[in-house]
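**Student:** Input structure: model_12.csv, which contains CSV, C-alpha atoms.
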```
chain,number,residue,atom,x,y,z
A,45,MET,CA,0.0,0.0,0.0
A,46,ARG,CA,2.8,2.4,0.9
A,47,VAL,CA,4.6,1.8,-2.4
A,48,ALA,CA,1.3,2.2,-4.4
A,49,LEU,CA,0.6,5.5,-2.5
A,50,ILE,CA,4.1,6.9,-3.3
A,51,ALA,CA,3.7,5.8,-6.9
A,52,SER,CA,0.4,7.6,-7.1
A,53,LEU,CA,1.8,10.8,-5.7
A,54,LEU,CA,4.7,10.7,-8.2
A,55,VAL,CA,2.3,10.3,-11.1
A,56,CYS,CA,0.2,13.3,-9.9
A,57,MET,CA,3.3,15.4,-9.5
A,58,PHE,CA,4.4,14.4,-13.0
A,59,LEU,CA,1.0,15.2,-14.5
A,60,ASN,CA,0.9,18.6,-12.8
A,61,ALA,CA,4.4,19.4,-14.0
A,62,SER,CA,3.5,18.2,-17.5
A,63,SER,CA,0.4,20.3,-17.5
A,64,ALA,CA,2.4,23.5,-16.7
A,65,MET,CA,5.1,22.7,-19.2
A,66,ALA,CA,2.5,22.2,-21.9
A,67,GLN,CA,1.9,26.0,-21.8
A,68,THR,CA,4.5,28.4,-23.2
A,69,ILE,CA,6.1,30.9,-20.9
A,70,ARG,CA,4.2,33.6,-22.7
A,71,GLU,CA,0.9,31.9,-22.1
A,72,MET,CA,1.6,31.4,-18.4
A,73,ALA,CA,3.1,34.9,-18.0
A,74,GLY,CA,0.0,36.5,-19.5
A,75,GLN,CA,-2.1,35.2,-16.6
A,76,MET,CA,0.2,37.2,-14.3
A,77,ILE,CA,-0.7,40.6,-15.8
A,78,MET,CA,-3.5,42.8,-14.7
A,79,ILE,CA,-3.7,46.3,-16.2
A,80,GLY,CA,-5.8,49.5,-16.1
A,81,PHE,CA,-7.1,51.0,-19.3
A,82,PRO,CA,-7.7,54.5,-20.7
A,83,HIS,CA,-11.3,54.3,-22.0
A,84,ASP,CA,-14.9,54.3,-20.7
A,85,LYS,CA,-16.9,53.1,-23.7
A,86,ALA,CA,-17.6,49.6,-24.9
A,87,GLY,CA,-17.6,50.1,-28.6
A,88,SER,CA,-14.4,52.1,-28.7
A,89,ASP,CA,-11.4,50.9,-30.7
A,90,SER,CA,-9.5,50.9,-27.4
A,91,HIS,CA,-11.9,48.5,-25.7
A,92,LYS,CA,-11.8,46.2,-28.7
A,93,ARG,CA,-8.0,46.1,-28.4
A,94,LEU,CA,-8.4,45.4,-24.7
A,95,ALA,CA,-10.8,42.5,-25.4
A,96,ALA,CA,-8.3,41.2,-28.0
A,97,LEU,CA,-5.6,41.2,-25.3
A,98,VAL,CA,-7.8,39.1,-23.1
A,99,LYS,CA,-8.7,36.7,-25.9
A,100,ALA,CA,-5.0,36.2,-26.8
A,101,GLY,CA,-4.1,35.6,-23.2
A,102,GLN,CA,-1.7,38.5,-23.0
A,103,ILE,CA,-3.4,39.7,-19.9
A,104,GLY,CA,-5.2,37.8,-17.2
A,105,GLY,CA,-7.3,40.6,-15.9
A,106,VAL,CA,-8.2,44.3,-15.9
A,107,MET,CA,-8.7,46.9,-13.2
A,108,TYR,CA,-11.2,49.7,-13.2
A,109,LEU,CA,-10.5,53.2,-12.0
A,110,LYS,CA,-13.1,55.9,-11.4
A,111,PHE,CA,-12.5,57.6,-14.8
A,112,ASN,CA,-13.4,54.3,-16.5
A,113,VAL,CA,-17.0,54.5,-15.1
A,114,LYS,CA,-19.0,56.7,-17.5
A,115,SER,CA,-22.3,55.0,-16.7
A,116,LEU,CA,-23.4,51.7,-15.3
A,117,ALA,CA,-24.8,50.8,-18.7
A,118,GLU,CA,-21.4,51.3,-20.3
A,119,VAL,CA,-19.6,49.4,-17.6
A,120,THR,CA,-21.9,46.5,-18.1
A,121,LYS,CA,-21.3,46.5,-21.8
A,122,MET,CA,-17.5,46.7,-21.4
A,123,ASN,CA,-17.5,43.8,-18.9
A,124,ARG,CA,-19.8,41.7,-21.1
A,125,ALA,CA,-17.4,42.2,-24.0
A,126,LEU,CA,-14.4,41.1,-21.9
A,127,ASN,CA,-16.2,38.1,-20.5
A,128,SER,CA,-17.3,37.0,-24.0
A,129,ALA,CA,-13.9,37.7,-25.7
A,130,GLY,CA,-13.2,33.9,-25.9
A,131,ALA,CA,-10.3,33.7,-23.5
A,132,LYS,CA,-9.1,30.3,-22.3
A,133,PHE,CA,-9.6,31.4,-18.7
A,134,SER,CA,-12.1,33.9,-17.4
A,135,PRO,CA,-10.5,37.4,-17.1
A,136,LEU,CA,-10.3,38.9,-13.6
A,137,ILE,CA,-12.4,42.1,-13.7
A,138,ALA,CA,-11.4,44.1,-10.6
A,139,ILE,CA,-12.3,47.3,-8.9
A,140,ASP,CA,-11.7,49.0,-5.6
A,141,GLN,CA,-15.1,49.3,-3.9
A,142,GLU,CA,-14.3,49.4,-0.2
A,143,GLY,CA,-17.0,51.8,0.8
A,144,GLY,CA,-16.6,55.4,1.9
A,145,VAL,CA,-13.9,57.4,0.1
A,146,VAL,CA,-12.5,54.4,-1.9
A,147,GLU,CA,-15.3,53.7,-4.3
A,148,ARG,CA,-15.1,53.7,-8.1
A,149,LEU,CA,-18.8,53.1,-8.5
A,150,THR,CA,-20.6,56.0,-7.0
A,151,SER,CA,-24.0,57.7,-6.6
A,152,SER,CA,-23.0,60.1,-9.5
A,153,VAL,CA,-23.7,57.2,-11.9
A,154,GLY,CA,-26.6,55.8,-9.9
A,155,PHE,CA,-24.7,53.2,-7.8
A,156,THR,CA,-25.7,53.1,-4.2
A,157,GLU,CA,-22.7,53.7,-2.0
A,158,ILE,CA,-21.9,52.0,1.3
A,159,PRO,CA,-20.3,53.3,4.5
A,160,LYS,CA,-16.5,53.2,5.1
A,161,ALA,CA,-15.1,50.4,7.1
A,162,ARG,CA,-14.7,52.3,10.4
A,163,GLU,CA,-18.4,53.2,10.3
A,164,VAL,CA,-19.4,49.6,9.5
A,165,ALA,CA,-17.5,48.3,12.5
A,166,LEU,CA,-18.9,51.0,14.9
A,167,GLY,CA,-22.5,50.7,13.7
A,168,MET,CA,-23.2,47.1,12.8
A,169,ASN,CA,-22.8,43.6,14.0
A,170,LYS,CA,-21.2,40.9,11.9
A,171,ASP,CA,-24.5,39.6,10.4
A,172,GLY,CA,-25.6,43.1,9.4
A,173,ALA,CA,-22.2,43.7,7.8
A,174,THR,CA,-22.3,40.4,5.9
A,175,GLU,CA,-25.7,41.4,4.5
A,176,LEU,CA,-24.4,44.8,3.5
A,177,TYR,CA,-21.5,43.4,1.7
A,178,SER,CA,-23.5,40.6,0.1
A,179,ASP,CA,-25.9,43.2,-1.4
A,180,LEU,CA,-22.9,45.3,-2.6
A,181,ALA,CA,-21.3,42.2,-4.3
A,182,LYS,CA,-24.6,41.2,-5.9
A,183,ARG,CA,-24.9,44.6,-7.5
A,184,MET,CA,-21.2,44.5,-8.6
A,185,ALA,CA,-21.7,41.0,-10.1
A,186,LYS,CA,-24.7,42.3,-12.0
A,187,LEU,CA,-22.4,44.8,-13.7
A,188,GLY,CA,-19.9,42.0,-14.6
A,189,PHE,CA,-17.2,42.4,-11.9
A,190,ASN,CA,-15.7,39.3,-10.3
A,191,VAL,CA,-13.0,40.8,-8.0
A,192,ASN,CA,-13.3,43.5,-5.3
A,193,PHE,CA,-10.0,44.7,-4.0
A,194,GLY,CA,-10.9,44.4,-0.3
A,195,PRO,CA,-11.2,44.0,2.6
A,196,VAL,CA,-8.6,46.3,4.1
A,197,VAL,CA,-7.2,44.4,7.0
A,198,ASP,CA,-4.8,47.1,8.1
A,199,VAL,CA,-5.0,47.8,11.8
A,200,ILE,CA,-5.2,51.4,13.1
A,201,VAL,CA,-1.8,51.6,14.9
A,202,ASN,CA,-1.1,55.2,13.9
A,203,LYS,CA,-4.3,57.3,14.4
A,204,ASN,CA,-2.7,60.0,12.2
A,205,ASN,CA,-2.0,57.6,9.4
A,206,PRO,CA,-2.5,59.6,6.2
A,207,ILE,CA,-3.9,56.9,3.9
A,208,ILE,CA,-5.7,54.4,6.1
A,209,ALA,CA,-6.9,55.9,9.4
A,210,LYS,CA,-7.5,59.3,7.9
A,211,TYR,CA,-10.2,58.0,5.6
A,212,GLY,CA,-11.7,55.4,7.9
A,213,ARG,CA,-10.5,52.5,5.7
A,214,SER,CA,-9.6,50.3,8.6
A,215,TYR,CA,-12.2,48.6,10.8
A,216,SER,CA,-10.5,49.1,14.1
A,217,SER,CA,-7.3,49.3,16.2
A,218,ARG,CA,-8.3,45.9,17.6
A,219,THR,CA,-7.1,42.9,15.5
A,220,ASP,CA,-10.1,40.8,16.4
A,221,ILE,CA,-12.6,43.4,15.2
A,222,VAL,CA,-10.6,43.8,12.0
A,223,THR,CA,-10.7,40.1,11.4
A,224,LYS,CA,-14.4,39.8,12.2
A,225,PHE,CA,-15.6,42.4,9.8
A,226,ALA,CA,-13.1,41.4,7.2
A,227,GLU,CA,-14.8,38.0,7.3
A,228,ALA,CA,-18.1,39.6,6.8
A,229,PHE,CA,-16.8,41.4,3.8
A,230,ILE,CA,-15.4,38.2,2.3
A,231,ASP,CA,-18.4,36.0,3.1
A,232,GLY,CA,-20.7,38.6,1.6
A,233,HIS,CA,-18.7,38.7,-1.6
A,234,HIS,CA,-18.4,35.0,-1.8
A,235,LYS,CA,-22.1,34.6,-1.7
A,236,ALA,CA,-22.3,36.6,-4.9
A,237,GLY,CA,-19.5,34.8,-6.5
A,238,LEU,CA,-16.9,37.5,-6.2
A,239,LEU,CA,-13.2,37.1,-5.2
A,240,THR,CA,-11.6,39.3,-2.7
A,241,SER,CA,-8.1,40.5,-1.8
A,242,LEU,CA,-6.7,41.1,1.7
A,243,LYS,CA,-4.7,44.3,1.8
A,244,HIS,CA,-2.0,45.6,2.4
A,245,PHE,CA,0.5,43.0,3.6
A,246,PRO,CA,2.3,43.2,6.0
A,247,GLY,CA,0.1,46.1,7.3
A,248,HIS,CA,-0.2,49.8,6.3
A,249,GLY,CA,-1.9,51.0,9.5
A,250,SER,CA,1.2,52.1,11.3
A,251,SER,CA,2.8,54.1,8.5
A,252,ALA,CA,3.4,57.8,8.7
A,253,GLY,CA,3.5,58.1,4.9
A,254,ASP,CA,1.6,57.1,1.7
A,255,SER,CA,3.2,54.6,-0.6
A,256,HIS,CA,1.3,56.1,-3.5
A,257,LEU,CA,3.6,59.0,-3.3
A,258,GLY,CA,7.0,57.5,-2.4
A,259,PHE,CA,9.1,55.4,-0.1
A,260,VAL,CA,7.4,54.5,3.2
A,261,ASP,CA,9.5,53.1,6.1
A,262,ILE,CA,7.5,51.2,8.7
A,263,THR,CA,10.5,49.7,10.5
A,264,LYS,CA,10.0,51.6,13.8
A,265,SER,CA,6.2,51.9,13.7
A,266,TRP,CA,5.0,48.4,12.6
A,267,THR,CA,4.0,45.8,15.2
A,268,LYS,CA,3.6,42.1,14.9
A,269,ALA,CA,-0.1,42.5,15.8
A,270,GLU,CA,-0.6,43.7,12.3
A,271,TYR,CA,0.1,40.1,11.1
A,272,GLU,CA,-2.9,38.8,13.1
A,273,PRO,CA,-5.8,39.5,10.7
A,274,PHE,CA,-3.8,37.9,7.8
A,275,GLU,CA,-2.9,34.9,9.9
A,276,ALA,CA,-6.5,34.3,11.1
A,277,LEU,CA,-8.1,34.8,7.7
A,278,ILE,CA,-5.6,32.4,6.0
A,279,ALA,CA,-6.2,29.8,8.7
A,280,ASN,CA,-9.9,30.1,8.2
A,281,ASN,CA,-9.5,29.6,4.4
A,282,LYS,CA,-10.8,33.1,3.7
A,283,ALA,CA,-8.0,34.5,1.6
A,284,ASP,CA,-8.5,34.3,-2.2
A,285,MET,CA,-5.7,36.8,-2.8
A,286,ILE,CA,-3.4,38.9,-0.7
A,287,MET,CA,-2.1,42.3,-1.9
A,288,ALA,CA,1.5,43.0,-1.1
A,289,GLY,CA,2.1,46.6,0.0
A,290,HIS,CA,5.0,48.8,-1.1
A,291,LEU,CA,6.2,49.1,2.5
A,292,TYR,CA,9.8,48.9,3.7
A,293,HIS,CA,10.8,47.1,6.9
A,294,LYS,CA,14.4,46.3,7.6
A,295,GLY,CA,13.4,42.9,8.9
A,296,PHE,CA,12.3,41.9,5.4
A,297,VAL,CA,15.7,42.7,3.7
A,298,GLN,CA,18.4,40.2,2.9
A,299,ASP,CA,22.1,41.2,2.9
A,300,GLY,CA,22.9,43.3,-0.1
A,301,GLU,CA,19.3,43.9,-1.2
A,302,GLY,CA,19.1,47.5,-0.1
A,303,GLN,CA,15.8,49.0,1.1
A,304,VAL,CA,13.4,46.9,-0.8
A,305,PRO,CA,9.6,47.1,0.1
A,306,ALA,CA,7.7,44.1,1.2
A,307,SER,CA,6.2,43.8,-2.3
A,308,LEU,CA,9.6,43.1,-3.7
A,309,SER,CA,10.9,41.1,-0.8
A,310,SER,CA,11.2,37.3,-0.8
A,311,VAL,CA,11.6,37.4,2.9
A,312,ALA,CA,8.1,39.0,3.3
A,313,LEU,CA,6.3,37.1,0.6
A,314,THR,CA,8.0,33.7,0.6
A,315,THR,CA,9.6,33.2,4.0
A,316,VAL,CA,6.9,35.0,6.1
A,317,LEU,CA,3.7,34.8,4.1
A,318,ARG,CA,4.0,31.5,2.4
A,319,GLN,CA,6.3,29.4,4.6
A,320,GLY,CA,5.5,31.1,7.9
A,321,MET,CA,1.7,31.6,7.5
A,322,GLY,CA,1.1,28.7,5.1
A,323,PHE,CA,-0.5,30.8,2.4
A,324,ASP,CA,-0.5,29.1,-1.0
A,325,GLY,CA,-3.0,31.3,-2.7
A,326,VAL,CA,-2.4,34.2,-5.1
A,327,VAL,CA,-0.3,37.2,-4.1
A,328,ILE,CA,-1.0,40.3,-6.1
A,329,SER,CA,1.2,43.4,-6.0
A,330,ASP,CA,-0.1,46.8,-5.2
A,331,ASP,CA,0.0,49.1,-8.2
A,332,MET,CA,3.5,48.8,-9.7
A,333,GLU,CA,3.1,52.4,-10.9
A,334,MET,CA,3.0,53.9,-7.4
A,335,GLY,CA,5.8,56.3,-6.4
A,336,ALA,CA,7.3,53.8,-3.9
A,337,ILE,CA,8.2,51.7,-7.0
A,338,THR,CA,8.7,54.1,-9.9
A,339,LYS,CA,10.9,56.5,-7.9
A,340,HIS,CA,13.3,53.8,-6.9
A,341,TYR,CA,13.3,51.0,-9.6
A,342,GLY,CA,13.4,50.8,-13.3
A,343,PHE,CA,10.6,49.1,-15.2
A,344,GLU,CA,12.4,45.8,-15.9
A,345,ASP,CA,14.1,45.7,-12.5
A,346,ALA,CA,10.8,46.1,-10.7
A,347,ILE,CA,9.1,43.4,-12.6
A,348,ILE,CA,11.9,40.9,-12.1
A,349,ARG,CA,12.2,41.7,-8.4
A,350,ALA,CA,8.4,41.4,-8.0
A,351,VAL,CA,8.2,37.9,-9.6
A,352,ARG,CA,11.3,36.6,-7.8
A,353,ALA,CA,9.9,37.8,-4.4
A,354,GLY,CA,6.7,35.8,-4.9
A,355,ASN,CA,4.0,37.9,-6.6
A,356,ASP,CA,1.7,35.9,-8.8
A,357,ILE,CA,-0.1,38.9,-10.4
A,358,LEU,CA,1.5,42.2,-11.3
A,359,LEU,CA,-0.9,45.0,-11.1
A,360,PHE,CA,-0.3,48.1,-13.3
A,361,SER,CA,-2.8,50.9,-13.2
A,362,ASN,CA,-1.4,52.0,-16.6
A,363,THR,CA,-1.8,55.7,-15.7
A,364,ILE,CA,1.7,57.1,-16.1
A,365,LYS,CA,1.8,56.7,-19.9
A,366,PRO,CA,-1.5,55.0,-20.7
A,367,SER,CA,-1.0,52.4,-23.5
A,368,LEU,CA,-2.5,49.0,-24.4
A,369,GLY,CA,1.0,48.2,-25.5
A,370,LEU,CA,2.0,47.8,-21.9
A,371,PRO,CA,1.3,44.1,-21.6
A,372,GLU,CA,3.6,43.4,-24.5
A,373,ARG,CA,6.4,45.3,-22.7
A,374,ILE,CA,5.8,43.3,-19.5
A,375,LEU,CA,5.6,40.0,-21.3
A,376,SER,CA,8.9,40.8,-23.1
A,377,VAL,CA,10.6,41.3,-19.7
A,378,LEU,CA,9.2,38.0,-18.3
A,379,GLU,CA,10.0,36.0,-21.4
A,380,LYS,CA,13.6,37.3,-21.6
A,381,GLU,CA,14.3,36.6,-17.9
A,382,ALA,CA,12.7,33.2,-18.1
A,383,ALA,CA,14.9,32.2,-21.0
A,384,ARG,CA,18.0,33.4,-19.0
A,385,ASP,CA,17.1,31.7,-15.7
A,386,PRO,CA,15.3,28.4,-15.3
A,387,ILE,CA,14.4,29.2,-11.7
A,388,PHE,CA,12.6,32.4,-12.9
A,389,ALA,CA,10.7,30.3,-15.4
A,390,GLN,CA,9.7,28.0,-12.7
A,391,ARG,CA,8.3,30.9,-10.7
A,392,ILE,CA,6.2,31.9,-13.6
A,393,SER,CA,4.8,28.3,-13.8
A,394,GLN,CA,4.0,28.4,-10.1
A,395,SER,CA,2.1,31.7,-10.4
A,396,TYR,CA,0.3,30.4,-13.5
A,397,GLN,CA,-1.0,27.4,-11.5
A,398,ARG,CA,-2.1,29.5,-8.6
A,399,VAL,CA,-3.9,32.0,-10.8
A,400,VAL,CA,-5.7,29.3,-12.8
A,401,ALA,CA,-6.7,27.5,-9.7
A,402,MET,CA,-8.2,30.7,-8.3
A,403,LYS,CA,-10.0,31.4,-11.5
A,404,SER,CA,-11.6,28.0,-11.4
A,405,LYS,CA,-13.7,29.3,-8.5
A,406,LEU,CA,-15.4,31.7,-10.9
A,407,ASN,CA,-16.7,28.9,-13.2
```
Would you write the structure of this file as structure tokens?

**Tutor:**
Amino acid sequence: MRVALIASLLVCMFLNASSAMAQTIREMAGQMIMIGFPHDKAGSDSHKRLAALVKAGQIGGVMYLKFNVKSLAEVTKMNRALNSAGAKFSPLIAIDQEGGVVERLTSSVGFTEIPKAREVALGMNKDGATELYSDLAKRMAKLGFNVNFGPVVDVIVNKNNPIIAKYGRSYSSRTDIVTKFAEAFIDGHHKAGLLTSLKHFPGHGSSAGDSHLGFVDITKSWTKAEYEPFEALIANNKADMIMAGHLYHKGFVQDGEGQVPASLSSVALTTVLRQGMGFDGVVISDDMEMGAITKHYGFEDAIIRAVRAGNDILLFSNTIKPSLGLPERILSVLEKEAARDPIFAQRISQSYQRVVAMKSKLN
């Protein structure tokens, strides 16, 4: 029996490896790319090009920003076109719809907004919050979205935090309350068939700066308690994706690496998140066009570092120089490095398998 079991496991490992190798590096790398886009109309030439990228597998998903939302009718048409493009795998169609200040779908286009996280935690119980988020997710699903970039599981450590606490994006200064309402967010979205993403690992709640603007050092302010919501939600099988924050902590840096943020750190994403916390789901970078990245790293260097660190999806808002040629530029970097380094090629294969496994939940 023992010999038969070992033989069976070896066969499964061989089949999984063969399945990954059956795909080209380009096909696998395409599933790792999520981009923003410059248009707001379904019938535009730009949107037709975007749908063609989805069909060709050059991108695995798209991200909406507020300027992409001209009307709910146009959003529905755009998403319908992407979903019916004929891609091998369903595209991830993502948006930040946390509630409060961070909402891309707003009352200005007829979408009913919801309270910010802090107000939800102060004014509702868990069941009420689950119902609130379930209703939100159903309305998002009706428009064609399948990913909401939330919940925020950052803890209010610094009450003067300029990007989390200031806007009430965190549920609480208590980790148990953050975890409870994050579960409500996730459960509500899962009921409607939407995927979610915990953010921002390893915790943005203690920072004194905003990583959208530039380098943010949390070495002296960060506390281990900020791990707790991530650990609890991973243990409860609630984490579809985890978004890696562009946050520097000297504890995540290997000798000779310099001041790399967690999003580019193998210590943070591989040693701590995967090996330490046991997370084997999808890690998605925060926007690779934030100042914390663009002011310190070149385009190719940032991509290579992000993949080596353990990111499975590279998120580009595509707002610095908006172009639908961006995916080709990213693919070129990934293909070139994979041809040079077999270990890098293996990382792409691992990410592909994680992304495809997550996407299978959408079918």

**Student:** What's around stretch 246-259 of chain A at 6 Å? Count all atoms listed in the file, leave out sequence neighbours fewer than 4 positions away in its own chain, and write the answer as a ChimeraX atom specification.

**Tutor:** /A:198-202,205,207,265-266,270,334-336

**Student:** Which is closest to A:Gln298 among A:Asn362, A:Ser329, A:Ser178, A:Ser310, if we use all atoms listed in the file?

**Tutor:**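 The answer is A:Ser310, which sits nearest to A:Gln298.
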
**Student:** Which polymer residues have any atom within 6 Å of an atom of A:Gly289, counting only C-alpha atoms, with same-chain residues fewer than 2 positions away left out, as a ChimeraX atom specification?

**Tutor:** /A:244-245,291,307,330

**Student:** For atom CA of A:Gly154 and atom CA of A:Met122, determine how far apart the two atoms are, in Å to one decimal place.

**Tutor:**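 Those two atoms sit 17.3 Å apart.
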
**Student:** May I ask which of the residues A:Leu97, A:Ala181, A:Ile374, A:Leu126 is the closest one to A:Gly194, counting all atoms listed in the file?

**Tutor:**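 Among A:Leu97, A:Ala181, A:Ile374, A:Leu126, it is A:Ala181 that comes nearest to A:Gly194.
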
**Student:** In terms of the shortest atom-to-atom distance over only C-alpha atoms, which of A:Ala185, A:Leu358, A:Ile286, A:Leu368 is closest to A:Leu242?

**Tutor:**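 Closest residue, counting only C-alpha atoms: A:Ile286.
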
**Student:** Please determine, counting all atoms listed in the file, which residue among A:Lys114, A:Asn123, A:Ala401, A:Ala161 has the shortest atom-to-atom distance to A:Lys92.

**Tutor:**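 Between A:Lys114, A:Asn123, A:Ala401, A:Ala161, the residue approaching A:Lys92 most closely is A:Asn123.
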
**Student:** Do a neighbour search on A:Lys403 at 12 Å with all atoms listed in the file, toss out local chain neighbours closer than 4 positions, and write the hits as JSON, numbers by chain.

**Tutor:** {"A": [75, 104, 105, 132, 133, 134, 135, 136, 137, 190, 191, 237, 238, 239, 240, 284, 285, 325, 326, 396, 397, 398, 399, 407]}

**Student:** Measure the distance from atom CA of A:Gln67 to atom CA of A:Gln102 in Å and round it to one decimal.

**Tutor:** 13.1 Å

**Student:** What is the distance, in Å and to one decimal place, between atom CA of A:Val145 and atom CA of A:Val197?

**Tutor:**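 Going from atom CA of A:Val145 over to atom CA of A:Val197, I get 16.2 Å.
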